[in-house]
file start-v2.cif (mmCIF, C-alpha atoms)
data_start
#
loop_
_atom_site.label_atom_id
_atom_site.label_comp_id
_atom_site.auth_asym_id
_atom_site.auth_seq_id
_atom_site.Cartn_x
_atom_site.Cartn_y
_atom_site.Cartn_z
CA MET A 1242 14.47 11.21 12.31
CA ARG A 1243 14.26 12.85 8.91
CA VAL A 1244 11.94 10.68 6.83
CA LEU A 1245 11.18 11.13 3.14
CA VAL A 1246 7.68 9.81 2.35
CA THR A 1247 6.84 9.49 -1.33
CA GLY A 1248 3.14 9.38 -2.14
CA ALA A 1249 2.54 11.62 0.90
CA ALA A 1250 -0.77 12.89 -0.51
CA GLY A 1251 -1.94 9.32 -1.02
CA PHE A 1252 -4.11 7.20 1.25
CA ILE A 1253 -1.39 5.36 3.18
CA GLY A 1254 1.24 8.09 2.79
CA SER A 1255 -0.87 10.83 4.35
CA HIS A 1256 -1.81 8.66 7.36
CA LEU A 1257 1.81 7.59 7.80
CA SER A 1258 3.06 11.18 7.61
CA GLN A 1259 0.57 12.18 10.32
CA ARG A 1260 1.88 9.47 12.64
CA LEU A 1261 5.53 10.32 12.00
CA LEU A 1262 4.92 14.02 12.67
CA ALA A 1263 2.98 13.20 15.83
CA ARG A 1264 5.96 11.32 17.27
CA GLY A 1265 8.38 14.14 16.46
CA ASP A 1266 9.96 13.16 13.15
CA GLU A 1267 10.71 15.60 10.35
CA VAL A 1268 8.87 14.60 7.16
CA LEU A 1269 9.45 15.58 3.57
CA GLY A 1270 6.39 14.64 1.51
CA TYR A 1271 6.88 13.96 -2.18
CA ASP A 1272 3.92 13.48 -4.54
CA ASN A 1273 2.91 14.50 -8.07
CA LEU A 1274 -0.82 14.84 -7.20
CA ASN A 1275 -1.72 13.16 -10.49
CA ALA A 1276 -5.27 12.70 -11.76
CA TYR A 1277 -5.52 8.89 -11.50
CA TYR A 1278 -8.26 9.74 -9.03
CA ASP A 1279 -9.68 13.03 -7.69
CA PRO A 1280 -6.74 15.42 -7.06
CA ALA A 1281 -8.99 17.42 -4.71
CA LEU A 1282 -9.03 14.48 -2.29
CA LYS A 1283 -5.24 14.28 -2.45
CA GLN A 1284 -5.00 18.01 -1.79
CA ALA A 1285 -7.37 17.69 1.17
CA ARG A 1286 -5.13 15.01 2.68
CA LEU A 1287 -2.11 17.22 2.09
CA ASP A 1288 -3.84 20.19 3.71
CA ARG A 1289 -3.94 18.22 6.98
CA LEU A 1290 -0.14 17.92 6.94
CA THR A 1291 1.02 21.35 5.81
CA PRO A 1292 0.23 23.18 9.12
CA HIS A 1293 2.94 21.09 10.85
CA ASP A 1294 6.24 22.95 11.26
CA SER A 1295 8.16 19.70 10.69
CA PHE A 1296 6.49 18.97 7.34
CA ARG A 1297 7.73 20.10 3.94
CA PHE A 1298 6.37 19.15 0.54
CA VAL A 1299 7.70 18.71 -3.00
CA LYS A 1300 5.31 18.31 -5.91
CA ALA A 1301 7.06 16.13 -8.47
CA SER A 1302 7.08 12.63 -9.98
CA LEU A 1303 9.46 9.79 -9.19
CA GLU A 1304 10.41 9.75 -12.87
CA ASP A 1305 11.73 13.32 -12.56
CA ARG A 1306 15.34 12.47 -11.75
CA SER A 1307 16.49 16.04 -11.15
CA ALA A 1308 13.59 16.86 -8.81
CA LEU A 1309 14.10 13.69 -6.80
CA GLU A 1310 17.86 14.24 -6.61
CA HIS A 1311 17.27 17.80 -5.40
CA ALA A 1312 14.85 16.59 -2.71
CA PHE A 1313 17.37 14.05 -1.40
CA THR A 1314 20.20 16.60 -1.45
CA GLN A 1315 18.27 19.35 0.31
CA PHE A 1316 16.48 17.21 2.91
CA ALA A 1317 19.17 14.55 3.50
CA PRO A 1318 16.71 11.90 4.71
CA GLN A 1319 17.91 9.26 7.13
CA ARG A 1320 15.12 6.89 6.12
CA VAL A 1321 12.78 6.65 3.14
CA VAL A 1322 9.30 5.19 2.76
CA ASN A 1323 8.40 4.79 -0.91
CA LEU A 1324 4.62 4.63 -1.28
CA ALA A 1325 4.35 6.52 -4.57
CA ALA A 1326 3.34 4.22 -7.40
CA GLN A 1327 0.84 3.77 -10.16
CA ALA A 1328 -1.77 1.67 -8.39
CA GLY A 1329 -4.68 -0.43 -9.61
CA VAL A 1330 -4.86 -3.88 -11.17
CA ARG A 1331 -7.54 -3.14 -13.77
CA TYR A 1332 -6.02 0.18 -14.87
CA SER A 1333 -2.79 -1.66 -15.70
CA LEU A 1334 -4.66 -3.38 -18.52
CA GLU A 1335 -5.57 0.02 -19.98
CA ASN A 1336 -2.42 2.06 -19.44
CA PRO A 1337 0.62 -0.19 -18.98
CA GLN A 1338 3.14 2.56 -19.72
CA ALA A 1339 2.14 4.44 -16.56
CA TYR A 1340 3.24 1.43 -14.50
CA ILE A 1341 6.63 1.19 -16.20
CA ASP A 1342 7.24 4.91 -15.75
CA SER A 1343 6.31 5.15 -12.07
CA ASN A 1344 6.87 1.67 -10.68
CA ILE A 1345 10.03 0.70 -12.58
CA VAL A 1346 11.78 3.89 -13.71
CA GLY A 1347 10.64 5.81 -10.63
CA PHE A 1348 11.70 3.05 -8.25
CA THR A 1349 15.12 2.88 -9.91
CA ASN A 1350 15.51 6.58 -9.16
CA ILE A 1351 14.57 5.97 -5.52
CA LEU A 1352 17.14 3.18 -5.19
CA GLU A 1353 19.90 5.23 -6.79
CA ASN A 1354 19.26 8.20 -4.51
CA CYS A 1355 19.12 6.00 -1.41
CA ARG A 1356 22.42 4.45 -2.45
CA HIS A 1357 24.24 7.71 -3.13
CA HIS A 1358 22.86 9.66 -0.17
CA GLY A 1359 23.63 7.13 2.54
CA VAL A 1360 20.03 6.34 3.50
CA GLU A 1361 19.89 4.06 6.56
CA HIS A 1362 16.77 2.13 5.52
CA LEU A 1363 14.37 2.05 2.57
CA VAL A 1364 10.86 0.74 3.21
CA TYR A 1365 8.76 0.37 0.07
CA ALA A 1366 5.26 -0.71 -0.90
CA SER A 1367 4.90 -4.08 -2.54
CA SER A 1368 1.49 -5.74 -2.88
CA SER A 1369 -0.45 -8.91 -2.17
CA SER A 1370 -1.03 -9.02 -5.93
CA VAL A 1371 2.47 -10.54 -6.35
CA TYR A 1372 0.95 -13.88 -5.27
CA GLY A 1373 -0.92 -13.92 -8.59
CA ALA A 1374 -2.08 -17.39 -9.50
CA ASN A 1375 -1.00 -18.93 -6.16
CA ARG A 1376 -3.73 -21.04 -4.58
CA LYS A 1377 -2.08 -22.16 -1.33
CA LEU A 1378 -3.66 -20.19 1.51
CA PRO A 1379 -2.69 -18.28 3.54
CA PHE A 1380 -0.09 -16.56 1.35
CA SER A 1381 3.34 -16.83 2.96
CA VAL A 1382 6.44 -14.77 2.22
CA GLU A 1383 8.26 -18.10 1.93
CA ASP A 1384 6.11 -19.03 -1.10
CA PRO A 1385 7.38 -18.52 -4.68
CA VAL A 1386 5.72 -15.60 -6.49
CA ASP A 1387 6.59 -16.25 -10.10
CA HIS A 1388 3.16 -16.16 -11.72
CA PRO A 1389 1.72 -12.62 -11.62
CA VAL A 1390 -1.61 -12.12 -13.41
CA SER A 1391 -1.40 -8.35 -13.98
CA LEU A 1392 1.29 -5.90 -15.02
CA TYR A 1393 0.77 -4.06 -11.73
CA ALA A 1394 1.69 -7.24 -9.87
CA ALA A 1395 4.69 -7.81 -12.14
CA THR A 1396 6.05 -4.32 -11.39
CA LYS A 1397 5.71 -4.93 -7.65
CA LYS A 1398 7.56 -8.25 -7.92
CA ALA A 1399 10.19 -6.41 -9.97
CA ASN A 1400 10.54 -3.84 -7.15
CA GLU A 1401 11.36 -6.63 -4.71
CA LEU A 1402 14.01 -8.01 -7.05
CA MET A 1403 15.49 -4.56 -7.68
CA ALA A 1404 15.61 -3.82 -3.94
CA HIS A 1405 17.38 -7.09 -3.27
CA THR A 1406 20.01 -6.25 -5.89
CA TYR A 1407 20.79 -2.94 -4.16
CA SER A 1408 20.82 -4.60 -0.74
CA HIS A 1409 23.25 -7.21 -2.04
CA LEU A 1410 25.55 -5.01 -4.12
CA PHE A 1411 25.62 -1.82 -2.05
CA GLY A 1412 24.55 -2.90 1.45
CA LEU A 1413 21.39 -0.75 1.31
CA PRO A 1414 18.95 -2.05 3.94
CA THR A 1415 15.53 -2.52 2.32
CA THR A 1416 12.17 -3.81 3.50
CA GLY A 1417 9.27 -4.56 1.16
CA LEU A 1418 5.71 -4.63 2.52
CA ARG A 1419 3.08 -6.62 0.67
CA PHE A 1420 -0.09 -4.67 1.50
CA PHE A 1421 -3.40 -6.55 1.59
CA THR A 1422 -6.51 -4.51 0.54
CA VAL A 1423 -6.17 -1.39 2.67
CA TYR A 1424 -9.36 0.48 3.63
CA GLY A 1425 -10.48 3.23 5.98
CA PRO A 1426 -11.04 7.02 6.23
CA TRP A 1427 -9.41 9.12 3.49
CA GLY A 1428 -9.29 5.98 1.30
CA ARG A 1429 -8.92 5.66 -2.45
CA PRO A 1430 -12.02 6.30 -4.60
CA ASP A 1431 -11.10 3.42 -6.93
CA MET A 1432 -11.31 0.85 -4.12
CA ALA A 1433 -14.43 -1.22 -3.43
CA LEU A 1434 -15.50 0.34 -0.12
CA PHE A 1435 -15.36 3.89 -1.51
CA LEU A 1436 -17.10 2.93 -4.78
CA PHE A 1437 -19.83 0.96 -3.03
CA THR A 1438 -20.52 3.71 -0.50
CA ARG A 1439 -20.83 6.40 -3.14
CA LYS A 1440 -23.13 4.34 -5.35
CA ILE A 1441 -25.36 3.00 -2.58
CA LEU A 1442 -25.93 6.51 -1.23
CA ALA A 1443 -26.67 7.73 -4.77
CA GLY A 1444 -29.14 4.90 -5.38
CA GLU A 1445 -26.98 3.42 -8.13
CA PRO A 1446 -26.24 -0.32 -8.66
CA ILE A 1447 -22.86 -1.66 -7.56
CA ASP A 1448 -20.73 -4.03 -9.65
CA VAL A 1449 -20.05 -7.19 -7.65
CA PHE A 1450 -17.35 -9.20 -9.37
CA ASN A 1451 -17.03 -12.99 -9.08
CA ASN A 1452 -20.67 -12.86 -7.90
CA GLY A 1453 -19.31 -11.63 -4.57
CA HIS A 1454 -17.74 -14.96 -3.65
CA HIS A 1455 -14.10 -13.98 -3.56
CA ARG A 1456 -12.46 -13.22 -0.23
CA ARG A 1457 -10.13 -10.37 0.62
CA ASP A 1458 -7.83 -9.82 3.58
CA PHE A 1459 -9.20 -6.31 4.24
CA THR A 1460 -6.75 -4.37 6.42
CA TYR A 1461 -7.64 -1.18 8.28
CA ILE A 1462 -5.42 1.83 7.64
CA ASP A 1463 -4.31 2.29 11.28
CA ASP A 1464 -3.08 -1.31 11.38
CA ILE A 1465 -1.18 -0.76 8.13
CA VAL A 1466 0.51 2.41 9.44
CA GLU A 1467 1.47 0.66 12.66
CA GLY A 1468 3.16 -2.08 10.64
CA VAL A 1469 4.98 0.42 8.42
CA ILE A 1470 6.37 2.31 11.42
CA ARG A 1471 7.46 -0.88 13.16
CA THR A 1472 9.38 -1.99 10.08
CA LEU A 1473 10.82 1.48 9.46
CA ASP A 1474 12.30 1.48 12.95
CA ARG A 1475 13.84 -1.98 12.51
CA VAL A 1476 16.76 -1.79 10.08
CA PRO A 1477 17.34 -5.24 8.58
CA ALA A 1478 20.66 -7.06 8.64
CA ALA A 1479 21.67 -10.28 6.92
CA ASP A 1480 19.17 -13.02 7.77
CA PRO A 1481 20.83 -15.63 10.03
CA GLY A 1482 18.26 -18.16 8.81
CA TYR A 1483 19.30 -17.84 5.18
CA ASN A 1484 20.27 -21.20 3.68
CA PRO A 1485 22.04 -20.85 0.30
CA PRO A 1486 21.19 -24.39 -0.91
CA SER A 1487 17.49 -23.78 -0.18
CA PRO A 1488 16.73 -20.10 -0.81
CA THR A 1489 13.26 -18.59 -0.41
CA PRO A 1490 11.90 -15.19 -1.52
CA ALA A 1491 11.83 -13.98 2.11
CA ARG A 1492 15.41 -14.73 3.18
CA SER A 1493 18.75 -13.35 2.07
CA ALA A 1494 22.37 -12.93 3.06
CA ALA A 1495 21.83 -9.24 2.22
CA PRO A 1496 20.16 -6.67 4.54
CA TYR A 1497 16.80 -7.34 2.90
CA ARG A 1498 13.33 -8.30 4.13
CA VAL A 1499 9.87 -8.81 2.64
CA TYR A 1500 6.76 -9.02 4.83
CA ASN A 1501 3.04 -9.53 4.40
CA ILE A 1502 1.02 -6.85 6.15
CA GLY A 1503 -2.64 -7.78 6.46
CA SER A 1504 -5.39 -8.58 8.95
CA HIS A 1505 -4.98 -12.39 8.68
CA GLN A 1506 -8.80 -12.61 8.59
CA PRO A 1507 -10.18 -12.78 5.04
CA VAL A 1508 -13.81 -11.72 4.53
CA GLU A 1509 -16.09 -12.72 1.67
CA LEU A 1510 -17.10 -9.74 -0.46
CA LEU A 1511 -20.82 -10.41 0.10
CA ARG A 1512 -20.29 -10.16 3.87
CA TYR A 1513 -18.32 -6.94 3.36
CA ILE A 1514 -21.28 -5.49 1.45
CA GLU A 1515 -23.72 -6.59 4.16
CA LEU A 1516 -21.71 -4.79 6.84
CA LEU A 1517 -21.58 -1.66 4.68
CA GLU A 1518 -25.36 -1.80 4.13
CA GLN A 1519 -25.87 -1.96 7.90
CA CYS A 1520 -23.69 1.12 8.45
CA LEU A 1521 -25.41 3.07 5.66
CA GLY A 1522 -28.94 1.95 6.58
CA ARG A 1523 -29.58 1.13 2.92
CA LYS A 1524 -29.64 -1.95 0.73
CA ALA A 1525 -27.46 -2.12 -2.36
CA GLU A 1526 -28.72 -2.99 -5.80
CA ARG A 1527 -26.17 -5.63 -6.83
CA ARG A 1528 -25.07 -6.25 -10.40
CA LEU A 1529 -23.39 -9.67 -10.28
CA LEU A 1530 -20.47 -10.07 -12.69
CA PRO A 1531 -17.72 -12.65 -13.36
CA LEU A 1532 -14.17 -12.39 -12.02
CA GLN A 1533 -12.29 -9.69 -13.92
CA PRO A 1534 -8.99 -10.19 -15.81
CA GLY A 1535 -6.06 -9.63 -13.46
CA ASP A 1536 -8.10 -10.32 -10.30
CA VAL A 1537 -7.54 -13.31 -8.01
CA PRO A 1538 -10.29 -15.26 -6.19
CA ASP A 1539 -8.88 -14.95 -2.67
CA THR A 1540 -6.21 -13.18 -0.64
CA PHE A 1541 -5.19 -14.27 2.85
CA ALA A 1542 -2.07 -12.94 4.57
CA ASP A 1543 0.20 -15.05 6.73
CA VAL A 1544 1.67 -12.28 8.95
CA GLU A 1545 3.71 -14.55 11.23
CA ALA A 1546 7.04 -13.17 10.02
CA LEU A 1547 6.03 -9.55 10.68
CA GLN A 1548 4.63 -10.49 14.09
CA ARG A 1549 7.81 -12.39 14.96
CA ASP A 1550 10.19 -9.61 13.97
CA THR A 1551 8.25 -6.48 15.00
CA GLY A 1552 5.41 -7.53 17.32
CA TYR A 1553 2.84 -6.36 14.76
CA THR A 1554 -0.74 -7.42 15.55
CA PRO A 1555 -3.72 -6.13 13.53
CA ALA A 1556 -6.33 -4.85 15.97
CA THR A 1557 -9.31 -3.40 14.06
CA PRO A 1558 -12.40 -5.60 13.48
CA ILE A 1559 -13.89 -5.28 9.99
CA ALA A 1560 -17.26 -3.98 11.24
CA GLU A 1561 -15.56 -1.23 13.25
CA GLY A 1562 -13.31 -0.24 10.35
CA ILE A 1563 -16.22 0.05 7.91
CA ALA A 1564 -18.22 2.11 10.41
CA ARG A 1565 -15.29 4.54 10.79
CA PHE A 1566 -15.00 4.89 7.02
CA VAL A 1567 -18.73 5.58 6.61
CA ALA A 1568 -18.61 8.23 9.35
CA TRP A 1569 -15.67 9.93 7.62
CA TYR A 1570 -17.34 9.71 4.19
CA ARG A 1571 -20.58 11.30 5.42
CA GLU A 1572 -18.68 14.14 7.09
CA PHE A 1573 -16.20 14.79 4.27
CA TYR A 1574 -18.79 14.72 1.48
CA ARG A 1575 -21.60 16.12 3.64
CA VAL A 1576 -23.93 13.28 2.75
#
call {"tool": "encode", "arguments": {"input": "start-v2.cif", "output": "structure tokens"}}
result
Amino acid sequence: MRVLVTGAAGFIGSHLSQRLLARGDEVLGYDNLNAYYDPALKQARLDRLTPHDSFRFVKASLEDRSALEHAFTQFAPQRVVNLAAQAGVRYSLENPQAYIDSNIVGFTNILENCRHHGVEHLVYASSSSVYGANRKLPFSVEDPVDHPVSLYAATKKANELMAHTYSHLFGLPTTGLRFFTVYGPWGRPDMALFLFTRKILAGEPIDVFNNGHHRRDFTYIDDIVEGVIRTLDRVPAADPGYNPPSPTPARSAAPYRVYNIGSHQPVELLRYIELLEQCLGRKAERRLLPLQPGDVPDTFADVEALQRDTGYTPATPIAEGIARFVAWYREFYRV
């Protein structure tokens, strides 16, 4: 297939592009290589893709309507995976406009191009953050998600609503994936595992929010990519289980789906740090801090719907995933 991957120089996008190329797909990567975090890392990820004959790249933003339109016209993708977004819960408190530009305006441009260019299936990144103030665990796609606690989460919930509108009005098949704390080699420097590793090796204290007592459904990158590919290959139709008198966020008469994609095994942050210390052979100096604005105490993915529809099963134990990340970090940064 011809697959357009936005955010192709990003953490998930670069891994996904590798897998698609390995199975014989043509991939057009689209990314603006912005400076939210180290552009050199993004370029290094991209450099792993560019030797492939079936890979092409466009450097541009989702907000650039003409550039995106040109990419769709020239490449004529059959399917699209939209992973480009302004990420980060805490940064959304500092720079809200970036989230409106990329996650709302940019996503509108993606939907419009998918609509007008006859795309067979749009898969897009949502987030576990949409569950916001929910306290019922595990988080289920059948649960209401009407109480976001960050603008980032609100934009991801908005993406799901926007996608449903296009599925309903124009018959565009869409699938939203609510990612749960992705980690692994080539990861994002603003995420806990990357930050902790860098600071522990440098002998600096690490900030441990909520005194380390919150739990996260840490999900290894290979498991995430497997789930993305399984959903990309399964074009949704109208849900036969949809019941108009009793609607839920996960069901629709339109060709629309939303799934959780996680490990289904939440780990307390303190345990996560202990495993990292074992891999590094060093103890961390911990600076215990309260829960930050926009954060939630726990995340826990109910992945039954994704397992039922695609056969997805996360397979990477947390200790193994952390060890693989540390090995990559030491090699990449020569530490």
call {"tool": "resolve_selection", "arguments": {"input": "start-v2.cif", "expression": "the PyMOL selection byres ((chain A and resi 1535) around 10)", "output": "number ranges by chain"}}
result
A: 1330-1334, 1370, 1373-1374, 1389-1394, 1532-1534, 1536-1537
call {"tool": "residues_near_point", "arguments": {"input": "start-v2.cif", "point": "(13.0, 10.3, -8.5)", "cutoff": "12 Å", "atoms": "only C-alpha atoms", "output": "number ranges by chain"}}
result
A: 1245, 1247-1248, 1271-1273, 1299-1314, 1323, 1325-1326, 1342-1355
call {"tool": "residues_around", "arguments": {"input": "start-v2.cif", "residues": "Leu1516 of chain A", "least_positions_apart": "5", "cutoff": "10 Å", "atoms": "all atoms listed in the file", "output": "tab-separated table (two decimals) with C-alpha atoms, keeping the file's coordinate frame"}}
result
chain	number	residue	atom	x	y	z
A	1510	LEU	CA	-17.10	-9.74	-0.46
A	1511	LEU	CA	-20.82	-10.41	0.10
A	1521	LEU	CA	-25.41	3.07	5.66
A	1522	GLY	CA	-28.94	1.95	6.58
A	1559	ILE	CA	-13.89	-5.28	9.99
A	1560	ALA	CA	-17.26	-3.98	11.24
A	1561	GLU	CA	-15.56	-1.23	13.25
A	1563	ILE	CA	-16.22	0.05	7.91
A	1564	ALA	CA	-18.22	2.11	10.41
call {"tool": "resolve_selection", "arguments": {"input": "start-v2.cif", "expression": "the PyMOL selection byres ((chain A and resi 1547) around 10)", "output": "PyMOL selection string"}}
result
chain A and resi 1382+1418+1468+1471-1472+1498-1503+1543-1546+1548-1554
call {"tool": "atom_distance", "arguments": {"input": "start-v2.cif", "atom1": "atom CA of Phe1437 of chain A", "atom2": "atom CA of Val1469 of chain A"}}
result
27.3 Å
call {"tool": "resolve_selection", "arguments": {"input": "start-v2.cif", "expression": "the PyMOL selection byres ((chain A and resi 1466) around 8)", "output": "VMD selection string"}}
result
chain A and resid 1253 1256 to 1257 1260 1462 to 1465 1467 to 1470
call {"tool": "write_last_selection", "arguments": {"input": "start-v2.cif", "atoms": "C-alpha atoms", "output": "JSON list (two decimals), keeping the file's coordinate frame"}}
result
[["chain", "number", "residue", "atom", "x", "y", "z"],
["A", 1253, "ILE", "CA", -1.39, 5.36, 3.18],
["A", 1256, "HIS", "CA", -1.81, 8.66, 7.36],
["A", 1257, "LEU", "CA", 1.81, 7.59, 7.80],
["A", 1260, "ARG", "CA", 1.88, 9.47, 12.64],
["A", 1462, "ILE", "CA", -5.42, 1.83, 7.64],
["A", 1463, "ASP", "CA", -4.31, 2.29, 11.28],
["A", 1464, "ASP", "CA", -3.08, -1.31, 11.38],
["A", 1465, "ILE", "CA", -1.18, -0.76, 8.13],
["A", 1467, "GLU", "CA", 1.47, 0.66, 12.66],
["A", 1468, "GLY", "CA", 3.16, -2.08, 10.64],
["A", 1469, "VAL", "CA", 4.98, 0.42, 8.42],
["A", 1470, "ILE", "CA", 6.37, 2.31, 11.42]]
call {"tool": "build_atoms", "arguments": {"input": "start-v2.cif", "residues": "segment 1268-1280 of chain A", "atoms": "N, CA and C atoms", "output": "compact mmCIF listing (two decimals), in the coordinates of the input"}}
result
# COMPACT_ATOMS: atom_id res chain seq x y z
N VAL A 1268 9.37 15.32 8.34
CA VAL A 1268 8.87 14.60 7.16
C VAL A 1268 8.94 15.50 5.93
N LEU A 1269 9.54 14.96 4.88
CA LEU A 1269 9.45 15.58 3.57
C LEU A 1269 8.49 14.74 2.74
N GLY A 1270 7.35 15.32 2.37
CA GLY A 1270 6.39 14.64 1.51
C GLY A 1270 6.71 14.90 0.05
N TYR A 1271 6.56 13.87 -0.76
CA TYR A 1271 6.88 13.96 -2.18
C TYR A 1271 5.75 13.29 -2.93
N ASP A 1272 5.10 14.03 -3.84
CA ASP A 1272 3.92 13.48 -4.54
C ASP A 1272 3.67 14.33 -5.78
N ASN A 1273 3.20 13.71 -6.85
CA ASN A 1273 2.91 14.50 -8.07
C ASN A 1273 1.44 14.91 -8.18
N LEU A 1274 0.61 14.47 -7.21
CA LEU A 1274 -0.82 14.84 -7.20
C LEU A 1274 -1.48 14.58 -8.56
N ASN A 1275 -1.18 13.43 -9.16
CA ASN A 1275 -1.72 13.16 -10.49
C ASN A 1275 -3.23 12.91 -10.46
N ALA A 1276 -3.82 12.77 -11.63
CA ALA A 1276 -5.27 12.70 -11.76
C ALA A 1276 -5.78 11.27 -11.92
N TYR A 1277 -5.02 10.27 -11.45
CA TYR A 1277 -5.52 8.89 -11.50
C TYR A 1277 -6.86 8.79 -10.77
N TYR A 1278 -6.96 9.50 -9.64
CA TYR A 1278 -8.26 9.74 -9.03
C TYR A 1278 -8.27 11.18 -8.52
N ASP A 1279 -9.39 11.63 -8.03
CA ASP A 1279 -9.68 13.03 -7.69
C ASP A 1279 -8.51 13.75 -7.00
N PRO A 1280 -7.84 14.67 -7.69
CA PRO A 1280 -6.74 15.42 -7.06
C PRO A 1280 -7.20 16.26 -5.87
